[in-house]
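For reference, the structure discussed in these notes is given below.
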Amino acid sequence: MKEKFSLWKTSSLGLSLLLVLPILAIFYTALFNTSVGKTDDLFSHLFATVLPTYTYNTVVLVAGTMLLSAVFGVPAAWCMAMCRMPGEKVLQWALVLPLAMPGYIVGYIYTDWFDVAGPIQILLRELTGWQVRAYWFPDLRTLQGAIIVLALVLYPYVYLLARAAFMEQSSSLLHSARLLKCSPWQSFRRVSLPLARPAIAVGLSLVAMEALGDFGTMNYFAVRTLTTAVYDTWLGYSNLIAAAKISSIMLLVVVFLLSLERYSRRKQKRFQTQFSSHEDNRYALVGWKKWAASFWCWGLVCAGFLFPILQLSDYAKRYFTRSWTNEFAVYAINSLYVSFCVAVTAVCVALIVNFYRRLSHEKGSILPMRLSSLGYAVPGTVLAIGIMVAVLTLDHSVNDIAKYMDWGRPGLIFSGTMFALVFALTVRFSAVAIGSIESGLSKVAPSLDMAARTMGCNSNQMLRRIHLPLVSRGVLIAGLLVFIESMKELNASLLLRPFNFETLATYVYNFASDEQLEMAALPAILLILVGLIPLILVNRSLEKAH
């Protein structure tokens, strides 16, 4: 039995170190690289010329997206949790839908609408008789426009967590606020908002990391950030080491954001004193307040999801015969194959680290779970750099050994192949599977483990006969979530896919970047519909919890 346990411990620690290896590779390459010459010259040149501008754009982008996401998401969450209004049952889940929309698709559609040759300016000129360039009109393809677009698709992170926090607050506090003659606005500002602040901070940290790692929208809007600098340095200058140095700067930003998020919720448990009540204590909105709240919430749904999906549906209908091609089928199969491989691998990793945590009573047994989950916080472009550094090192080592043994050079075995892409997506999304399976295992009573031990089951038999049947639903959900996230991943797929290999995400992005989204509307709709599945699951779990 001891040997079996040591095998679980070794496997868990080995997998966690393997998954954290790309992150370590980035810092090692950036700090301890011994090469000189062009690498140092290029990074010094970038640092002296464009990196300050890229850093400024990144800071403004992240801060602006966080601020606007809070402006969008917090009032909507308050209305859904604390107010009675028309259509609330539909709005509760509809407000989450924009999260399934890729930012670059929304950016393309709105840019097309607001362009000089777009329908909005054409209508404006027809109504006023103005001539082209004889009037001022806001340009959406700017840093400010990118902030608006990202906030429209990322505010659901804030909405979901803020709504849950508002719903969990003690009903006695709300009663006390009403007895003290507090208006709904005063109750929100003095009671609900301070208590929900930690949850809002968590949502804003997710928004910040998504905005920091966004490449598609920034590249389409021609806004240069640290993420686009990594991409350009690697592919444009063919300089992996300089790209690793820029990536290390982004990783430090991610660490800062995570530390800030943890600090903001350090006292969260102290404030969550909940008293259940079956009484409906929500405010009944009437008059202009009812219509203003409805307009605000439905406006977010329409701007972030309904209008773009209707435009995509129109494109798909008009260009169906040109979109339904053999290429579309091949790229769909590629996406399904890669996502399936990643889902199976991530679920296996999650089962191993979770089961070791359950078997062990040591304090350090949670370390493999935490290390295996770090990749989820790393932007896809940065993670791709770490993966490439690691697999290239592995390829060079294999070739050196083969040369020493006179076996000839086998060439690139790991980099530039499906292995690198599957490895990157596994590192990126193992945290999703780990969290889902951890939740399922936590509901299995420890007494079942003791009963299995009494009946002579070893750890492998206990996992196969007891735990897997009980957590099978959690395993399926974990695999499904990882599968869907892998289908939508763009950044890592752009940088690590093999030659002449496209996924649906890269296929759609390539058409959007070439101003031909109409040709890729059909696969874009498929990606969006696939992305709706985890949103539905999250919303249902939130409803069941309350």
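Residues are referred to by chain and number: the chain letter is A, B, ... according to the order shown in the structure tokens, the number counts from 1 in that chain, and ligands are numbered separately from 1 in the order shown.
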- Message: Can you pull out the residues contacting Arg409 (chain A)? Cut-off 8 Å, using only C-alpha atoms, and skip same-chain residues under 4 positions away; I want them as a list in words.
- Response: Asn399, Asp400, Ala402 and Lys403 of chain A
- Pick from A:Ala146, A:Leu367, A:Leu257, A:Val301 nearest to Trp93 (chain A), counting only C-alpha atoms: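 Of A:Ala146, A:Leu367, A:Leu257, A:Val301, the one nearest Trp93 (chain A) is A:Val301, counting only C-alpha atoms.
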- Task: Please provide the set of residues having any atom within 12 Å of Glu327 (chain A), restricted to only C-alpha atoms, with same-chain residues fewer than 6 positions apart removed, written as an MDAnalysis selection string.
- Result: chainID A and resid 333:334 500:504 507:508 519:520 523
- Of the residues A:Lys488, A:Phe483, A:Thr58, A:Arg358, which is the one nearest to Pro446 (chain A), using only C-alpha atoms?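 So, comparing all the options, the nearest one is A:Arg358.
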- Neighbour list for region 341-356 of chain A as a PyMOL selection string, cut-off 7 Å, only C-alpha atoms, skip fewer than 2 positions in-chain: chain A and resi 8-9+12+337-339+358-360+368-369+422+425-426+430+433-434+437-438+475+478-479+482-483
How would the residues just chosen look if you wrote them out with N, CA, C and O atoms as an mmCIF file, in the first residue's frame?
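result.cif written:
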data_model
loop_
_atom_site.group_PDB
_atom_site.id
_atom_site.type_symbol
_atom_site.label_atom_id
_atom_site.label_comp_id
_atom_site.auth_asym_id
_atom_site.auth_seq_id
_atom_site.Cartn_x
_atom_site.Cartn_y
_atom_site.Cartn_z
ATOM 1 N N TRP A 8 1.392 7.468 -6.463
ATOM 2 C CA TRP A 8 0.470 8.604 -6.642
ATOM 3 C C TRP A 8 1.177 9.922 -6.332
ATOM 4 O O TRP A 8 0.990 10.912 -7.037
ATOM 5 N N LYS A 9 1.985 9.924 -5.302
ATOM 6 C CA LYS A 9 2.701 11.148 -4.921
ATOM 7 C C LYS A 9 3.702 11.541 -6.007
ATOM 8 O O LYS A 9 3.773 12.715 -6.410
ATOM 9 N N SER A 12 1.814 12.776 -9.107
ATOM 10 C CA SER A 12 1.206 14.091 -8.891
ATOM 11 C C SER A 12 2.255 15.194 -8.930
ATOM 12 O O SER A 12 2.074 16.223 -9.608
ATOM 13 N N TYR A 337 -10.496 17.387 -32.738
ATOM 14 C CA TYR A 337 -9.435 16.444 -32.382
ATOM 15 C C TYR A 337 -8.519 17.016 -31.299
ATOM 16 O O TYR A 337 -8.248 16.350 -30.282
ATOM 17 N N VAL A 338 -8.062 18.253 -31.502
ATOM 18 C CA VAL A 338 -7.185 18.881 -30.516
ATOM 19 C C VAL A 338 -7.903 19.046 -29.182
ATOM 20 O O VAL A 338 -7.347 18.732 -28.112
ATOM 21 N N SER A 339 -9.126 19.519 -29.210
ATOM 22 C CA SER A 339 -9.876 19.758 -27.978
ATOM 23 C C SER A 339 -10.140 18.454 -27.231
ATOM 24 O O SER A 339 -10.098 18.416 -25.991
ATOM 25 N N ARG A 358 -6.499 13.690 -1.764
ATOM 26 C CA ARG A 358 -7.446 12.992 -0.894
ATOM 27 C C ARG A 358 -6.754 11.886 -0.092
ATOM 28 O O ARG A 358 -7.088 11.649 1.071
ATOM 29 N N LEU A 359 -5.798 11.191 -0.714
ATOM 30 C CA LEU A 359 -5.097 10.115 -0.012
ATOM 31 C C LEU A 359 -4.166 10.633 1.068
ATOM 32 O O LEU A 359 -4.009 10.010 2.118
ATOM 33 N N SER A 360 -3.538 11.790 0.795
ATOM 34 C CA SER A 360 -2.511 12.296 1.702
ATOM 35 C C SER A 360 -3.106 13.238 2.737
ATOM 36 O O SER A 360 -4.044 13.994 2.454
ATOM 37 N N PRO A 368 0.725 20.250 -5.462
ATOM 38 C CA PRO A 368 0.563 19.871 -6.878
ATOM 39 C C PRO A 368 -0.681 20.454 -7.532
ATOM 40 O O PRO A 368 -0.642 20.823 -8.716
ATOM 41 N N MET A 369 -1.773 20.551 -6.781
ATOM 42 C CA MET A 369 -2.995 21.142 -7.327
ATOM 43 C C MET A 369 -2.782 22.612 -7.657
ATOM 44 O O MET A 369 -3.215 23.100 -8.707
ATOM 45 N N VAL A 422 -1.151 20.771 -27.916
ATOM 46 C CA VAL A 422 -1.898 20.047 -26.882
ATOM 47 C C VAL A 422 -1.295 20.308 -25.505
ATOM 48 O O VAL A 422 -2.020 20.504 -24.517
ATOM 49 N N LEU A 425 -2.352 23.878 -24.332
ATOM 50 C CA LEU A 425 -3.751 23.966 -23.917
ATOM 51 C C LEU A 425 -3.999 23.181 -22.633
ATOM 52 O O LEU A 425 -4.846 23.566 -21.817
ATOM 53 N N THR A 426 -3.257 22.099 -22.435
ATOM 54 C CA THR A 426 -3.384 21.350 -21.180
ATOM 55 C C THR A 426 -2.892 22.186 -20.000
ATOM 56 O O THR A 426 -3.526 22.236 -18.937
ATOM 57 N N SER A 430 -5.929 23.029 -17.401
ATOM 58 C CA SER A 430 -6.014 21.982 -16.379
ATOM 59 C C SER A 430 -6.698 22.494 -15.119
ATOM 60 O O SER A 430 -7.369 21.730 -14.413
ATOM 61 N N ALA A 433 -10.435 21.709 -15.062
ATOM 62 C CA ALA A 433 -10.750 20.328 -14.705
ATOM 63 C C ALA A 433 -10.467 20.055 -13.229
ATOM 64 O O ALA A 433 -11.239 19.361 -12.554
ATOM 65 N N ILE A 434 -9.374 20.600 -12.717
ATOM 66 C CA ILE A 434 -9.021 20.381 -11.313
ATOM 67 C C ILE A 434 -10.103 20.936 -10.389
ATOM 68 O O ILE A 434 -10.522 20.279 -9.430
ATOM 69 N N ILE A 437 -13.413 18.664 -10.614
ATOM 70 C CA ILE A 437 -13.287 17.364 -9.962
ATOM 71 C C ILE A 437 -13.069 17.529 -8.458
ATOM 72 O O ILE A 437 -13.555 16.718 -7.653
ATOM 73 N N GLU A 438 -12.375 18.569 -8.049
ATOM 74 C CA GLU A 438 -12.205 18.842 -6.615
ATOM 75 C C GLU A 438 -13.549 19.066 -5.947
ATOM 76 O O GLU A 438 -13.805 18.580 -4.843
ATOM 77 N N VAL A 475 -16.538 14.600 -13.587
ATOM 78 C CA VAL A 475 -15.501 14.313 -14.578
ATOM 79 C C VAL A 475 -15.980 14.692 -15.969
ATOM 80 O O VAL A 475 -15.241 15.296 -16.768
ATOM 81 N N ALA A 478 -16.036 18.434 -16.240
ATOM 82 C CA ALA A 478 -14.662 18.930 -16.355
ATOM 83 C C ALA A 478 -14.150 18.756 -17.776
ATOM 84 O O ALA A 478 -13.575 19.679 -18.370
ATOM 85 N N GLY A 479 -14.360 17.564 -18.341
ATOM 86 C CA GLY A 479 -13.916 17.324 -19.709
ATOM 87 C C GLY A 479 -14.622 18.220 -20.704
ATOM 88 O O GLY A 479 -14.007 18.730 -21.653
ATOM 89 N N VAL A 482 -13.213 21.875 -20.430
ATOM 90 C CA VAL A 482 -11.883 21.972 -21.040
ATOM 91 C C VAL A 482 -11.997 21.873 -22.563
ATOM 92 O O VAL A 482 -11.317 22.597 -23.299
ATOM 93 N N PHE A 483 -12.848 20.989 -23.039
ATOM 94 C CA PHE A 483 -13.069 20.825 -24.481
ATOM 95 C C PHE A 483 -13.529 22.141 -25.110
ATOM 96 O O PHE A 483 -13.010 22.578 -26.146
#
- Task: Do a neighbour search on Ala222 (chain A) at 10 Å with only C-alpha atoms, toss out local chain neighbours closer than 4 positions, and write the hits as a list in words.
- Result: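 With the cut-off at 10 Å, the set is Arg141, Thr142, Leu143, Ala146, Gly216, Thr217, Met218 and Thr228 of chain A.
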Based on the backbone DSSP call, show me all residues of region 107-247 of chain A assigned alpha helix (DSSP H), as a PDB file with C-alpha atoms, in the first residue's frame.
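Written out: out_37.pdb:
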ATOM      1  CA  GLY A 107     -14.888  44.701 -32.760  1.00  0.00           C
ATOM      2  CA  TYR A 108     -15.103  43.815 -36.467  1.00  0.00           C
ATOM      3  CA  ILE A 109     -18.892  44.138 -36.547  1.00  0.00           C
ATOM      4  CA  TYR A 110     -19.004  47.489 -34.759  1.00  0.00           C
ATOM      5  CA  THR A 111     -16.119  48.856 -36.804  1.00  0.00           C
ATOM      6  CA  ASP A 112     -17.977  47.867 -39.952  1.00  0.00           C
ATOM      7  CA  TRP A 113     -21.151  49.571 -38.704  1.00  0.00           C
ATOM      8  CA  PHE A 114     -19.492  52.811 -37.554  1.00  0.00           C
ATOM      9  CA  PRO A 119     -24.712  51.874 -42.414  1.00  0.00           C
ATOM     10  CA  ILE A 120     -24.764  54.285 -39.451  1.00  0.00           C
ATOM     11  CA  GLN A 121     -22.759  57.059 -41.113  1.00  0.00           C
ATOM     12  CA  ILE A 122     -24.552  56.501 -44.428  1.00  0.00           C
ATOM     13  CA  LEU A 123     -27.882  56.982 -42.666  1.00  0.00           C
ATOM     14  CA  LEU A 124     -26.531  60.059 -40.874  1.00  0.00           C
ATOM     15  CA  ARG A 125     -25.445  61.635 -44.170  1.00  0.00           C
ATOM     16  CA  GLU A 126     -28.797  60.854 -45.792  1.00  0.00           C
ATOM     17  CA  LEU A 127     -30.695  62.504 -42.933  1.00  0.00           C
ATOM     18  CA  THR A 128     -28.489  65.604 -42.663  1.00  0.00           C
ATOM     19  CA  LEU A 143      -7.477  52.348 -27.770  1.00  0.00           C
ATOM     20  CA  GLN A 144     -10.712  53.796 -26.393  1.00  0.00           C
ATOM     21  CA  GLY A 145     -12.747  51.756 -28.861  1.00  0.00           C
ATOM     22  CA  ALA A 146     -10.882  48.591 -27.865  1.00  0.00           C
ATOM     23  CA  ILE A 147     -11.687  49.280 -24.199  1.00  0.00           C
ATOM     24  CA  ILE A 148     -15.396  49.608 -25.007  1.00  0.00           C
ATOM     25  CA  VAL A 149     -15.451  46.402 -27.055  1.00  0.00           C
ATOM     26  CA  LEU A 150     -13.589  44.365 -24.422  1.00  0.00           C
ATOM     27  CA  ALA A 151     -15.769  45.719 -21.621  1.00  0.00           C
ATOM     28  CA  LEU A 152     -18.901  44.674 -23.551  1.00  0.00           C
ATOM     29  CA  VAL A 153     -17.749  41.056 -23.708  1.00  0.00           C
ATOM     30  CA  LEU A 154     -15.953  40.816 -20.335  1.00  0.00           C
ATOM     31  CA  TYR A 155     -18.369  42.560 -17.935  1.00  0.00           C
ATOM     32  CA  PRO A 156     -20.191  39.212 -17.239  1.00  0.00           C
ATOM     33  CA  TYR A 157     -17.233  38.208 -15.033  1.00  0.00           C
ATOM     34  CA  VAL A 158     -18.086  41.115 -12.744  1.00  0.00           C
ATOM     35  CA  TYR A 159     -21.830  40.594 -13.152  1.00  0.00           C
ATOM     36  CA  LEU A 160     -21.769  36.911 -12.150  1.00  0.00           C
ATOM     37  CA  LEU A 161     -19.637  37.342  -9.033  1.00  0.00           C
ATOM     38  CA  ALA A 162     -21.283  40.583  -7.923  1.00  0.00           C
ATOM     39  CA  ARG A 163     -24.768  39.118  -8.345  1.00  0.00           C
ATOM     40  CA  ALA A 164     -23.802  36.058  -6.288  1.00  0.00           C
ATOM     41  CA  ALA A 165     -22.381  38.339  -3.569  1.00  0.00           C
ATOM     42  CA  PHE A 166     -25.521  40.485  -3.482  1.00  0.00           C
ATOM     43  CA  MET A 167     -27.733  37.386  -3.220  1.00  0.00           C
ATOM     44  CA  GLU A 168     -25.659  35.967  -0.338  1.00  0.00           C
ATOM     45  CA  SER A 171     -31.440  39.782   4.854  1.00  0.00           C
ATOM     46  CA  SER A 172     -31.316  41.302   8.346  1.00  0.00           C
ATOM     47  CA  LEU A 173     -28.933  43.994   7.100  1.00  0.00           C
ATOM     48  CA  LEU A 174     -31.339  44.935   4.321  1.00  0.00           C
ATOM     49  CA  HIS A 175     -34.209  45.055   6.801  1.00  0.00           C
ATOM     50  CA  SER A 176     -32.154  47.309   9.043  1.00  0.00           C
ATOM     51  CA  ALA A 177     -31.394  49.622   6.124  1.00  0.00           C
ATOM     52  CA  ARG A 178     -35.086  49.928   5.349  1.00  0.00           C
ATOM     53  CA  LEU A 179     -35.958  50.606   8.983  1.00  0.00           C
ATOM     54  CA  PRO A 184     -32.480  51.796  -2.581  1.00  0.00           C
ATOM     55  CA  TRP A 185     -29.511  53.899  -3.700  1.00  0.00           C
ATOM     56  CA  GLN A 186     -28.385  54.507  -0.105  1.00  0.00           C
ATOM     57  CA  SER A 187     -28.804  50.806   0.713  1.00  0.00           C
ATOM     58  CA  LEU A 193     -21.558  47.534  -2.258  1.00  0.00           C
ATOM     59  CA  PRO A 194     -19.031  47.452   0.629  1.00  0.00           C
ATOM     60  CA  LEU A 195     -19.946  43.817   1.402  1.00  0.00           C
ATOM     61  CA  ALA A 196     -19.712  42.791  -2.266  1.00  0.00           C
ATOM     62  CA  ARG A 197     -16.396  44.576  -2.816  1.00  0.00           C
ATOM     63  CA  PRO A 198     -14.208  41.435  -2.480  1.00  0.00           C
ATOM     64  CA  ALA A 199     -16.306  39.513  -5.029  1.00  0.00           C
ATOM     65  CA  ILE A 200     -16.222  42.472  -7.400  1.00  0.00           C
ATOM     66  CA  ALA A 201     -12.439  42.599  -7.011  1.00  0.00           C
ATOM     67  CA  VAL A 202     -12.210  38.934  -8.031  1.00  0.00           C
ATOM     68  CA  GLY A 203     -14.328  39.635 -11.119  1.00  0.00           C
ATOM     69  CA  LEU A 204     -12.226  42.667 -12.018  1.00  0.00           C
ATOM     70  CA  SER A 205      -9.013  40.641 -11.679  1.00  0.00           C
ATOM     71  CA  LEU A 206     -10.411  38.139 -14.203  1.00  0.00           C
ATOM     72  CA  VAL A 207     -11.313  41.008 -16.523  1.00  0.00           C
ATOM     73  CA  ALA A 208      -7.815  42.450 -16.135  1.00  0.00           C
ATOM     74  CA  MET A 209      -6.091  39.173 -17.013  1.00  0.00           C
ATOM     75  CA  GLU A 210      -8.356  38.614 -20.023  1.00  0.00           C
ATOM     76  CA  ALA A 211      -7.721  42.154 -21.266  1.00  0.00           C
ATOM     77  CA  LEU A 212      -3.986  41.796 -20.662  1.00  0.00           C
ATOM     78  CA  GLY A 213      -3.825  38.596 -22.716  1.00  0.00           C
ATOM     79  CA  GLY A 216      -7.127  39.269 -31.547  1.00  0.00           C
ATOM     80  CA  THR A 217      -8.953  42.484 -30.692  1.00  0.00           C
ATOM     81  CA  MET A 218      -5.779  44.504 -30.159  1.00  0.00           C
ATOM     82  CA  ASN A 219      -4.228  43.363 -33.413  1.00  0.00           C
ATOM     83  CA  TYR A 220      -7.398  44.082 -35.368  1.00  0.00           C
ATOM     84  CA  LEU A 226       2.727  43.965 -24.575  1.00  0.00           C
ATOM     85  CA  THR A 227       0.805  40.979 -25.945  1.00  0.00           C
ATOM     86  CA  THR A 228       1.154  42.134 -29.544  1.00  0.00           C
ATOM     87  CA  ALA A 229       4.814  42.964 -28.805  1.00  0.00           C
ATOM     88  CA  VAL A 230       5.424  39.332 -27.820  1.00  0.00           C
ATOM     89  CA  TYR A 231       3.777  38.138 -31.020  1.00  0.00           C
ATOM     90  CA  LEU A 240      12.376  33.959 -29.020  1.00  0.00           C
ATOM     91  CA  ILE A 241      14.615  35.209 -26.199  1.00  0.00           C
ATOM     92  CA  ALA A 242      13.561  38.843 -26.548  1.00  0.00           C
ATOM     93  CA  ALA A 243       9.943  37.672 -26.639  1.00  0.00           C
ATOM     94  CA  ALA A 244      10.566  35.730 -23.408  1.00  0.00           C
ATOM     95  CA  LYS A 245      11.889  38.895 -21.748  1.00  0.00           C
ATOM     96  CA  ILE A 246       8.730  40.800 -22.672  1.00  0.00           C
ATOM     97  CA  SER A 247       6.653  37.824 -21.497  1.00  0.00           C
TER      98      SER A 247
END
